[in-house]
Structure formats: C-alpha cells, structure tokens
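Trainee: Got a file for you: my_file15.tsv, TSV, C-alpha atoms.
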```tsv
chain	number	residue	atom	x	y	z
A	11	MET	CA	-14.58	123.72	99.51
A	12	ALA	CA	-16.43	122.71	102.62
A	13	GLN	CA	-17.79	119.23	101.96
A	14	SER	CA	-21.01	119.36	103.91
A	15	SER	CA	-24.36	117.70	103.46
A	16	VAL	CA	-25.74	120.61	101.51
A	17	GLU	CA	-28.35	120.55	98.79
A	18	ASN	CA	-28.76	122.89	95.84
A	19	SER	CA	-31.28	125.57	96.71
A	20	PRO	CA	-33.79	127.02	94.24
A	21	SER	CA	-32.54	130.11	92.49
A	22	ALA	CA	-34.05	133.52	93.10
A	23	SER	CA	-35.65	133.38	89.66
A	24	GLY	CA	-37.56	130.23	90.58
A	25	GLU	CA	-35.77	128.26	87.90
A	26	GLY	CA	-34.55	125.67	90.42
A	27	PRO	CA	-31.03	124.53	91.28
A	28	PRO	CA	-28.17	124.37	88.79
A	29	ALA	CA	-28.77	121.36	86.55
A	30	VAL	CA	-25.77	119.09	87.00
A	31	GLY	CA	-27.28	116.14	85.17
A	32	ALA	CA	-26.07	116.99	81.67
A	33	ALA	CA	-22.57	117.84	82.90
A	34	LEU	CA	-22.33	114.61	84.89
A	35	GLN	CA	-23.58	112.49	82.00
A	36	GLY	CA	-21.27	114.22	79.53
A	37	LEU	CA	-18.20	113.76	81.73
A	38	ARG	CA	-19.06	110.13	82.43
A	39	GLN	CA	-19.59	109.34	78.75
A	40	ARG	CA	-16.42	111.14	77.65
A	41	GLN	CA	-14.48	108.97	80.08
A	42	ARG	CA	-16.39	105.92	78.81
A	43	LEU	CA	-17.62	105.03	82.27
A	44	SER	CA	-20.78	103.05	82.87
A	45	LEU	CA	-23.14	104.00	85.68
A	46	ASP	CA	-21.95	100.87	87.48
A	47	GLU	CA	-18.28	101.87	87.25
A	48	LEU	CA	-18.88	105.46	88.36
A	49	SER	CA	-21.05	104.16	91.18
A	50	ARG	CA	-18.17	101.98	92.41
A	51	ARG	CA	-15.60	104.77	92.09
A	52	ALA	CA	-17.66	107.42	93.83
A	53	GLY	CA	-19.50	105.30	96.38
A	54	VAL	CA	-22.84	106.62	95.09
A	55	SER	CA	-25.67	104.25	94.24
A	56	LYS	CA	-26.45	103.58	90.59
A	57	SER	CA	-30.07	104.63	91.09
A	58	MET	CA	-28.97	107.97	92.59
A	59	LEU	CA	-26.59	108.57	89.68
A	60	SER	CA	-29.40	107.88	87.23
A	61	GLN	CA	-31.70	110.32	89.02
A	62	ILE	CA	-29.01	113.02	89.11
A	63	GLU	CA	-28.32	112.66	85.36
A	64	ARG	CA	-32.03	113.04	84.66
A	65	ASN	CA	-32.23	116.05	87.03
A	66	LEU	CA	-34.71	114.18	89.23
A	67	ALA	CA	-32.62	114.56	92.39
A	68	ASN	CA	-30.76	117.40	94.10
A	69	PRO	CA	-27.46	115.85	95.20
A	70	THR	CA	-25.74	117.03	98.36
A	71	VAL	CA	-22.35	118.69	98.17
A	72	ALA	CA	-20.83	115.56	99.71
A	73	VAL	CA	-22.22	113.47	96.83
A	74	LEU	CA	-21.08	116.00	94.22
A	75	TRP	CA	-17.63	116.08	95.79
A	76	ARG	CA	-17.31	112.30	95.56
A	77	LEU	CA	-18.47	112.39	91.93
A	78	ALA	CA	-16.05	115.18	91.03
A	79	ASN	CA	-13.17	113.29	92.66
A	80	ALA	CA	-14.15	110.07	90.90
A	81	LEU	CA	-14.21	111.90	87.55
A	82	GLY	CA	-11.07	113.91	88.25
A	83	VAL	CA	-12.71	117.31	87.71
A	84	PRO	CA	-13.24	120.39	89.94
A	85	LEU	CA	-16.49	120.45	91.88
A	86	GLY	CA	-17.44	123.70	90.17
A	87	GLU	CA	-17.53	122.01	86.78
A	88	LEU	CA	-20.46	119.90	87.92
A	89	LEU	CA	-22.21	122.80	89.66
A	90	ALA	CA	-21.90	124.97	86.55
A	91	GLY	CA	-23.57	122.37	84.39
A	92	GLY	CA	-20.87	122.89	81.79
A	93	ALA	CA	-18.26	125.41	80.75
A	94	PRO	CA	-19.10	129.09	81.31
A	95	ALA	CA	-19.99	131.20	78.30
A	96	ARG	CA	-17.36	133.56	76.95
A	97	PRO	CA	-18.21	137.18	77.84
A	98	ASP	CA	-19.07	139.56	75.02
A	99	THR	CA	-17.48	142.57	76.74
A	100	GLY	CA	-14.60	143.30	79.09
A	101	ILE	CA	-16.92	143.34	82.11
A	102	THR	CA	-19.14	140.39	82.89
A	103	LEU	CA	-22.03	140.86	85.29
A	104	VAL	CA	-23.50	137.81	86.99
A	105	ALA	CA	-27.14	138.20	88.01
A	106	PRO	CA	-28.00	137.12	91.57
A	107	HIS	CA	-30.18	134.26	90.33
A	108	ALA	CA	-27.30	132.95	88.18
A	109	ILE	CA	-24.96	132.46	91.15
A	110	PRO	CA	-25.08	128.81	92.25
A	111	ALA	CA	-26.45	128.50	95.78
A	112	LEU	CA	-26.22	125.57	98.15
A	113	ARG	CA	-28.31	125.06	101.28
A	114	SER	CA	-28.29	122.42	103.97
A	115	PRO	CA	-31.36	120.19	104.26
A	116	ASP	CA	-32.21	121.73	107.66
A	117	GLY	CA	-31.81	125.23	106.23
A	118	HIS	CA	-29.14	126.26	108.76
A	119	CYS	CA	-26.22	126.76	106.35
A	120	ALA	CA	-26.11	128.38	102.92
A	121	LEU	CA	-23.26	128.93	100.47
A	122	ARG	CA	-23.30	131.20	97.42
A	123	ILE	CA	-20.51	130.30	95.00
A	124	LEU	CA	-18.99	133.67	94.08
A	125	GLY	CA	-15.81	132.50	92.37
A	126	PRO	CA	-15.65	131.78	88.63
A	127	ILE	CA	-15.90	128.13	87.76
A	128	ASP	CA	-12.59	128.05	85.87
A	129	LEU	CA	-10.72	128.82	89.11
A	130	ALA	CA	-12.55	126.21	91.18
A	131	GLY	CA	-9.65	123.75	91.16
A	132	GLY	CA	-7.22	126.22	92.71
A	133	PHE	CA	-8.96	129.19	94.26
A	134	GLU	CA	-12.57	129.40	95.40
A	135	TRP	CA	-14.61	131.89	97.37
A	136	TYR	CA	-18.07	131.79	98.82
A	137	GLU	CA	-20.60	133.87	100.73
A	138	LEU	CA	-21.49	131.80	103.77
A	139	SER	CA	-24.57	132.28	105.95
A	140	VAL	CA	-25.03	130.17	109.09
A	141	GLU	CA	-28.11	130.24	111.26
A	142	PRO	CA	-27.84	129.53	115.00
A	143	GLY	CA	-26.99	125.86	115.47
A	144	GLY	CA	-25.72	125.44	111.92
A	145	VAL	CA	-22.55	123.45	111.23
A	146	LEU	CA	-20.58	123.20	107.97
A	147	ALA	CA	-18.33	120.17	108.53
A	148	SER	CA	-15.74	118.95	106.04
A	149	GLU	CA	-13.44	116.02	105.53
A	150	PRO	CA	-9.77	116.84	104.79
A	151	HIS	CA	-9.04	118.37	101.40
A	152	GLU	CA	-5.84	117.63	99.50
A	153	ALA	CA	-2.55	118.25	101.30
A	154	GLY	CA	-1.66	121.92	101.56
A	155	THR	CA	-5.19	123.31	101.19
A	156	GLN	CA	-5.97	126.35	103.34
A	157	GLU	CA	-9.19	128.21	104.12
A	158	HIS	CA	-9.64	131.86	105.04
A	159	LEU	CA	-12.85	132.85	106.82
A	160	SER	CA	-13.70	136.55	107.20
A	161	VAL	CA	-16.74	137.13	109.41
A	162	LEU	CA	-18.98	139.92	108.14
A	163	SER	CA	-21.66	139.72	110.82
A	164	GLY	CA	-22.22	137.77	114.02
A	165	ALA	CA	-19.60	135.25	115.14
A	166	LEU	CA	-18.54	131.77	114.03
A	167	THR	CA	-16.49	129.00	115.56
A	168	VAL	CA	-13.79	127.39	113.42
A	169	ARG	CA	-12.34	123.98	114.14
A	170	SER	CA	-9.27	122.72	112.26
A	171	GLY	CA	-7.99	119.38	113.49
A	172	SER	CA	-7.78	119.67	117.27
A	173	ASP	CA	-7.64	123.48	117.29
A	174	GLU	CA	-10.79	125.58	117.74
A	175	ARG	CA	-11.20	129.36	117.71
A	176	ARG	CA	-14.07	131.82	117.97
A	177	VAL	CA	-14.08	134.30	115.06
A	178	ARG	CA	-15.99	137.54	115.61
A	179	HIS	CA	-17.27	140.28	113.32
A	180	GLY	CA	-14.36	141.86	111.43
A	181	GLU	CA	-11.92	139.06	112.19
A	182	THR	CA	-10.38	136.61	109.74
A	183	ALA	CA	-9.33	133.05	110.55
A	184	ARG	CA	-6.72	131.30	108.40
A	185	TYR	CA	-6.39	127.56	108.92
A	186	ALA	CA	-5.40	124.24	107.45
A	187	ALA	CA	-8.13	122.51	105.48
A	188	ASP	CA	-6.19	119.32	104.80
A	189	VAL	CA	-7.46	118.00	108.12
A	190	ALA	CA	-11.04	117.53	109.28
A	191	HIS	CA	-12.49	121.01	109.81
A	192	ALA	CA	-15.79	122.71	110.53
A	193	ILE	CA	-17.47	126.10	110.76
A	194	SER	CA	-20.33	126.44	113.23
A	195	ASN	CA	-22.60	129.04	114.75
A	196	VAL	CA	-23.03	128.38	118.45
A	197	GLY	CA	-24.54	131.80	119.08
A	198	LYS	CA	-28.14	132.98	119.11
A	199	THR	CA	-28.02	135.23	116.03
A	200	PRO	CA	-27.31	134.50	112.34
A	201	ALA	CA	-23.76	134.96	111.07
A	202	SER	CA	-22.34	135.66	107.63
A	203	ALA	CA	-18.83	135.44	106.23
A	204	LEU	CA	-16.66	135.22	103.15
A	205	LEU	CA	-14.98	131.83	102.81
A	206	VAL	CA	-11.92	131.55	100.59
A	207	VAL	CA	-10.39	128.16	99.77
A	208	VAL	CA	-6.86	128.06	98.38
A	209	HIS	CA	-5.69	124.74	96.97
A	210	PRO	CA	-1.99	123.88	96.61
A	211	GLY	CA	-0.65	125.14	93.35
```
Could you render the structure from this file as structure tokens?
Mentor:
Amino acid sequence: MAQSSVENSPSASGEGPPAVGAALQGLRQRQRLSLDELSRRAGVSKSMLSQIERNLANPTVAVLWRLANALGVPLGELLAGGAPARPDTGITLVAPHAIPALRSPDGHCALRILGPIDLAGGFEWYELSVEPGGVLASEPHEAGTQEHLSVLSGALTVRSGSDERRVRHGETARYAADVAHAISNVGKTPASALLVVVHPG
C-alpha cells in the first residue's frame, strides 16, 4: 500500500479511528519483544509505541508500516485491531463506519481500505480521494509489487521511478511499486480513484 504520512481519520459513527493499540501490544507480546526492542527494529520511539498501545496517539501509515514490517505481519492486521469476525451468513455486509479510513494530516489525501484484512499481505484495494495539491508518496514495496490506479473522477498524476504519467477520468495506470512512487493531484478539482496493490505471490 502507499506508505504516506497519513493518519487514521474518525469513523462516520464518531467512534474514532481503528484502535491498533491492542493488536500492536498483542503481537509484540506474542513475539516476546520489549518496547525497547520493537523501537529499535521499527525506528519508532519508545514513547510513541507506548502511546499507540494505549490508544493515546493516531500513528501515521508510515509508522504503522514500519511497525508491521518489524513484526513481520501485514499492515492490515494492525489496522483491523485483530482478526476479523467470522460471518454468520454467506454474505457479509460492512457498514460504512466500519471501513478503516486514513487521512493525511493536511486533509488532502484520504484512503478507505475496501479489501478484507486477510488478503492484505497479497492483494489490497482502496478508495482514494485526493484534493488539489495532495500527494500520496511511497517508498518502494517488496520486489515485484505492482499498483493499478483507476481514476473515477478528475485526474491524477502517477510517478513510478523516473516515469510520470497523467491519468484522466476512466483511465487506468498500471505501474511498478517496488520503486519510489507517488500519486498526486496537480489540478484544481478533487479527484477520486480505486487503487489496487498486488504483491508478489
């Protein structure tokens, strides 16, 4: 997924962002890691880790990504706050307020995590909204990762390595995500898109 400086946004129900504290603490304790050791592995301060575990801080996606990598788990496992419940019927409906949402501190970029958490390590998809001037920049993912961006409204600019292309309404860009890459809105109107991330299998 795009590793941007994005914070969890409050849910539509007003219940606040997904609580990652319990999941982080549980994963850390199961791996018998101290706060000091996880801090060293992830490059996140011990005080920040403590605040995240107590749900006193909303970590950015960049921080969550480092923590997930340090723990060897998919990012979605932290965002979900634990394993998803087993559905009682053949069709599971997810209420809008139950879909994890991420928003940049300046409010210019927002991601709604549409894909199920159990697929997060291999196949992910998101609803992306980018206000004028917004940029979703990412460091390289693992070798072989690809992203597919389908613009639903407006236009977005995609940069993958040294290549850059303008993607307009109705168009889809497919590009390598194992190099530095970014999605930006250089226009004057908001843009929305579906972002699919496919990890090597």
Trainee: What is the atom CA of A:Val73-atom CA of A:Val54 distance in Å, reported with one decimal?
Mentor: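 Distance between the two atoms: 7.1 Å.
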Trainee: Give, as lines of an AutoDock Vina configuration file, the centre coordinates and the x, y and z edge lengths in Å to one decimal for an axis-aligned box around all listed atoms of stretch 153-168 of chain A, padded by 3 Å on each side.
Mentor:
```
center_x = -11.9
center_y = 129.1
center_z = 108.4
size_x = 26.6
size_y = 27.7
size_z = 20.4
```
Trainee: Would you please work out which residue, of A:Val208, A:Ala105, A:Leu129, A:Leu66, is nearest to A:Val83 when using all atoms listed in the file?
Mentor: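 Comparing A:Val208, A:Ala105, A:Leu129, A:Leu66 against A:Val83, the winner is A:Leu129.
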Trainee: Any idea what's packed within 9 Å of A:Ser172, counting all atoms listed in the file, ignoring anything in its chain fewer than 2 positions away? Could you give it as a PyMOL selection string?
Mentor: chain A and resi 169-170+174+190-191
Trainee: What is the distance, in Å and to one decimal place, between atom CA of A:Asp46 and atom CA of A:Arg76?
Mentor: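 Distance reported for this atom pair: 14.7 Å.
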Trainee: Complete the atom set of stretch 129-149 of chain A to N, CA and C atoms and return it as a compact mmCIF listing (two decimals), keeping the file's coordinate frame.
Mentor:
```
# COMPACT_ATOMS: atom_id res chain seq x y z
N LEU A 129 -11.72 128.77 88.04
CA LEU A 129 -10.72 128.82 89.11
C LEU A 129 -11.00 127.80 90.22
N ALA A 130 -12.07 127.05 90.08
CA ALA A 130 -12.55 126.21 91.18
C ALA A 130 -11.52 125.18 91.63
N GLY A 131 -10.62 124.74 90.76
CA GLY A 131 -9.65 123.75 91.16
C GLY A 131 -8.50 124.29 91.99
N GLY A 132 -8.34 125.66 92.00
CA GLY A 132 -7.22 126.22 92.71
C GLY A 132 -7.57 127.28 93.73
N PHE A 133 -8.61 128.05 93.41
CA PHE A 133 -8.96 129.19 94.26
C PHE A 133 -10.47 129.38 94.20
N GLU A 134 -11.11 129.31 95.36
CA GLU A 134 -12.57 129.40 95.40
C GLU A 134 -12.98 130.37 96.50
N TRP A 135 -14.08 131.10 96.27
CA TRP A 135 -14.61 131.89 97.37
C TRP A 135 -16.13 131.88 97.37
N TYR A 136 -16.66 131.98 98.59
CA TYR A 136 -18.07 131.79 98.82
C TYR A 136 -18.60 132.83 99.80
N GLU A 137 -19.88 133.13 99.69
CA GLU A 137 -20.60 133.87 100.73
C GLU A 137 -21.30 132.83 101.59
N LEU A 138 -20.97 132.82 102.85
CA LEU A 138 -21.49 131.80 103.77
C LEU A 138 -22.44 132.44 104.77
N SER A 139 -23.61 131.86 104.93
CA SER A 139 -24.57 132.28 105.95
C SER A 139 -24.88 131.08 106.84
N VAL A 140 -24.80 131.28 108.15
CA VAL A 140 -25.03 130.17 109.09
C VAL A 140 -26.02 130.63 110.15
N GLU A 141 -27.13 129.95 110.24
CA GLU A 141 -28.11 130.24 111.26
C GLU A 141 -27.64 129.65 112.60
N PRO A 142 -28.21 130.10 113.71
CA PRO A 142 -27.84 129.53 115.00
C PRO A 142 -28.00 128.00 114.99
N GLY A 143 -26.98 127.32 115.45
CA GLY A 143 -26.99 125.86 115.47
C GLY A 143 -26.46 125.22 114.22
N GLY A 144 -26.19 126.00 113.18
CA GLY A 144 -25.72 125.44 111.92
C GLY A 144 -24.26 125.02 111.99
N VAL A 145 -23.93 123.95 111.28
CA VAL A 145 -22.55 123.45 111.23
C VAL A 145 -22.22 123.07 109.79
N LEU A 146 -21.09 123.57 109.30
CA LEU A 146 -20.58 123.20 107.97
C LEU A 146 -19.32 122.38 108.21
N ALA A 147 -19.44 121.06 108.20
CA ALA A 147 -18.33 120.17 108.53
C ALA A 147 -17.74 119.57 107.26
N SER A 148 -16.42 119.43 107.24
CA SER A 148 -15.74 118.95 106.04
C SER A 148 -14.69 117.90 106.37
N GLU A 149 -14.55 116.95 105.47
CA GLU A 149 -13.44 116.02 105.53
C GLU A 149 -12.18 116.73 105.01
```
